[in-house]
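Asks: Here's a structure for you.
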Amino acid sequence: MECIFCKIIEKKVPADILYEDDKVIVFKTIKPSAPIHLLAVPKKHIESIDYLLPEDSELIGDIFLIIKKIAREQGIDKSGYKVAINVGKGGGQEVFHIHFHLLGGWKNAKDRDIIGMP
Ligand code: AMP
Ligand code: ZN
């Protein structure tokens, strides 16, 4: 298995983990594009949104509730944040295990523009 996120989930590669349950893990990206930049990742290996199945809908819904909880814990729920998903190489996806970028904590509104985020 060459998937770096599966290796993080299996604890074969270290990561700064902020949340974990039986289905989802949240950890810090190694290349932050914002003062707070976390990745929410289902433990099930799904390549991208393009590979989602109807049976994954509850899992994806759960991830949004976890993102909401983590955003509160990080103190960015009131200031606001972005949740971003890159789909496919053309969409900027580099790791082909579906993940949700949680970005926030900007001091200035002008720093918020993350179009072109890796
Ligand atoms: P994407 O371009 O949407 O596929 O995003 C991939 C994300 O994974 C980027 O934020 C990378 O910095 C992050 N990333 C890649 N390898 C690791 C790693 N070993 N630990 C933590 N984050 C990683
Ligand atoms: Zn994987």
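Scheme for the structure tokens: letters A, B, ... for chains in order shown; per-chain residue numbers from 1; ligand numbers from 1 in order shown.
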Residues near segment 57-69 of chain A, anyone? I mean within 8 Å using only C-alpha atoms, not counting same-chain ones fewer than 5 positions away, as an MDAnalysis selection string.
Replies: chainID A and resid 23:24 40:42 77 102
Asks: May I have the residues from that selection written out with all heavy atoms, as a PDB file, in the first residue's frame?
Replies:
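Dumped to again-v2.pdb:
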```pdb
ATOM      1  N   LYS A  23     -13.541   5.734  12.565  1.00  0.00           N
ATOM      2  CA  LYS A  23     -13.782   5.969  11.127  1.00  0.00           C
ATOM      3  C   LYS A  23     -13.023   7.154  10.536  1.00  0.00           C
ATOM      4  O   LYS A  23     -12.879   7.247   9.302  1.00  0.00           O
ATOM      5  CB  LYS A  23     -15.277   6.194  10.901  1.00  0.00           C
ATOM      6  CG  LYS A  23     -16.121   4.967  11.178  1.00  0.00           C
ATOM      7  CD  LYS A  23     -17.493   5.125  10.552  1.00  0.00           C
ATOM      8  CE  LYS A  23     -18.343   3.894  10.758  1.00  0.00           C
ATOM      9  NZ  LYS A  23     -19.085   3.916  12.022  1.00  0.00           N
ATOM     10  N   VAL A  24     -12.577   8.070  11.395  1.00  0.00           N
ATOM     11  CA  VAL A  24     -12.030   9.344  10.908  1.00  0.00           C
ATOM     12  C   VAL A  24     -10.789   9.734  11.698  1.00  0.00           C
ATOM     13  O   VAL A  24     -10.689   9.457  12.893  1.00  0.00           O
ATOM     14  CB  VAL A  24     -13.097  10.472  11.040  1.00  0.00           C
ATOM     15  CG1 VAL A  24     -12.564  11.814  10.535  1.00  0.00           C
ATOM     16  CG2 VAL A  24     -14.370  10.106  10.280  1.00  0.00           C
ATOM     17  N   ALA A  40      -8.956  16.470   7.480  1.00  0.00           N
ATOM     18  CA  ALA A  40      -9.897  15.488   8.020  1.00  0.00           C
ATOM     19  C   ALA A  40     -10.014  14.365   6.997  1.00  0.00           C
ATOM     20  O   ALA A  40     -10.338  14.616   5.826  1.00  0.00           O
ATOM     21  CB  ALA A  40     -11.255  16.142   8.279  1.00  0.00           C
ATOM     22  N   VAL A  41      -9.717  13.140   7.446  1.00  0.00           N
ATOM     23  CA  VAL A  41      -9.529  12.027   6.517  1.00  0.00           C
ATOM     24  C   VAL A  41     -10.323  10.808   7.006  1.00  0.00           C
ATOM     25  O   VAL A  41     -10.135  10.368   8.151  1.00  0.00           O
ATOM     26  CB  VAL A  41      -8.019  11.656   6.459  1.00  0.00           C
ATOM     27  CG1 VAL A  41      -7.776  10.543   5.457  1.00  0.00           C
ATOM     28  CG2 VAL A  41      -7.150  12.883   6.144  1.00  0.00           C
ATOM     29  N   PRO A  42     -11.187  10.238   6.158  1.00  0.00           N
ATOM     30  CA  PRO A  42     -11.826   8.978   6.557  1.00  0.00           C
ATOM     31  C   PRO A  42     -10.798   7.853   6.551  1.00  0.00           C
ATOM     32  O   PRO A  42      -9.874   7.866   5.735  1.00  0.00           O
ATOM     33  CB  PRO A  42     -12.890   8.746   5.474  1.00  0.00           C
ATOM     34  CG  PRO A  42     -12.393   9.481   4.284  1.00  0.00           C
ATOM     35  CD  PRO A  42     -11.569  10.638   4.799  1.00  0.00           C
ATOM     36  N   ASP A  77     -14.297  28.952  15.056  1.00  0.00           N
ATOM     37  CA  ASP A  77     -15.713  28.842  14.668  1.00  0.00           C
ATOM     38  C   ASP A  77     -16.359  30.207  14.517  1.00  0.00           C
ATOM     39  O   ASP A  77     -17.173  30.432  13.620  1.00  0.00           O
ATOM     40  CB  ASP A  77     -16.490  27.970  15.669  1.00  0.00           C
ATOM     41  CG  ASP A  77     -16.339  28.425  17.109  1.00  0.00           C
ATOM     42  OD1 ASP A  77     -15.215  28.773  17.514  1.00  0.00           O
ATOM     43  OD2 ASP A  77     -17.341  28.423  17.842  1.00  0.00           O
ATOM     44  N   LEU A 102      -9.166  21.823   6.350  1.00  0.00           N
ATOM     45  CA  LEU A 102      -9.798  22.808   7.245  1.00  0.00           C
ATOM     46  C   LEU A 102      -8.784  23.923   7.439  1.00  0.00           C
ATOM     47  O   LEU A 102      -7.680  23.688   7.951  1.00  0.00           O
ATOM     48  CB  LEU A 102     -10.156  22.152   8.585  1.00  0.00           C
ATOM     49  CG  LEU A 102     -10.549  23.077   9.745  1.00  0.00           C
ATOM     50  CD1 LEU A 102     -11.752  23.947   9.393  1.00  0.00           C
ATOM     51  CD2 LEU A 102     -10.858  22.251  10.993  1.00  0.00           C
TER      52      LEU A 102
END
```
Asks: At a cut-off of 7 Å and counting only C-alpha atoms and all ligand atoms, what residues surround ligand 1? Please answer as a ChimeraX atom specification.
Replies: /A:4,13,15,27-32,85-86,92-96,99,118
Asks: May I have the residues within 8 Å of ligand 2, computed using only C-alpha atoms and all ligand atoms, as a VMD selection string?
Replies: chain A and resid 1 to 7 43 to 47 96 to 98
Asks: Store the residues picked out above in a file with C-alpha atoms, as a tab-separated table (two decimals), in the first residue's frame.
Replies:
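Printed below is selection_13.tsv as written:
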```tsv
chain	number	residue	atom	x	y	z
A	1	MET	CA	0.00	0.00	0.00
A	2	GLU	CA	1.63	3.20	-1.22
A	3	CYS	CA	-0.95	5.57	0.23
A	4	ILE	CA	0.67	8.02	2.67
A	5	PHE	CA	-2.62	8.70	4.49
A	6	CYS	CA	-3.26	4.96	4.96
A	7	LYS	CA	0.23	4.77	6.45
A	43	LYS	CA	-10.00	5.79	7.49
A	44	LYS	CA	-11.65	4.06	4.53
A	45	HIS	CA	-9.40	4.46	1.49
A	46	ILE	CA	-11.55	6.36	-1.04
A	47	GLU	CA	-9.47	7.95	-3.80
A	96	PHE	CA	-5.31	10.21	-3.66
A	97	HIS	CA	-7.07	9.36	-0.41
A	98	ILE	CA	-10.06	11.65	0.02
```
Asks: Hey, what does DSSP flag as strand (DSSP E or B) within segment 71-118 of chain A? Can you give it to me as a list in words?
Replies: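 So, restricting segment 71-118 of chain A to strand (DSSP E or B), we get Tyr81, Lys82, Val83, Ala84, Phe100, His101, Leu102, Leu103 and Gly104 of chain A.
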Asks: Just the residues within 7 Å of His101 of chain A, please, counting only C-alpha atoms, with nothing from its chain fewer than 4 positions along; format it as a PyMOL selection string.
Replies: chain A and resi 37-40+83-85
Asks: Suppose you want the space between atom CA of Gly75 of chain A and atom CA of Lys107 of chain A; what is it in Å?
Replies: 13.1 Å
Asks: Could you tell me how far atom CA of Leu103 of chain A lies from atom CA of Leu52 of chain A, in Å and to one decimal?
Replies: 23.0 Å
Asks: How many Å separate atom CA of Ser79 of chain A from atom CA of Trp106 of chain A?
Replies: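 Between these atoms lies a distance of 8.7 Å.
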Asks: For each of A:Ile49, A:Pro54, A:Ala34, A:Ile70, take the minimum atom-to-atom distance to Ile17 of chain A, counting only C-alpha atoms, then give the residue where this is smallest.
Replies: A:Ile70
Asks: Nearest to Gly91 of chain A: which of A:Glu10, A:Asp16, A:Asp22, A:Asp50 is it, counting only C-alpha atoms?
Replies: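 Looking at the shortest contact to Gly91 of chain A, the residue is A:Asp50.
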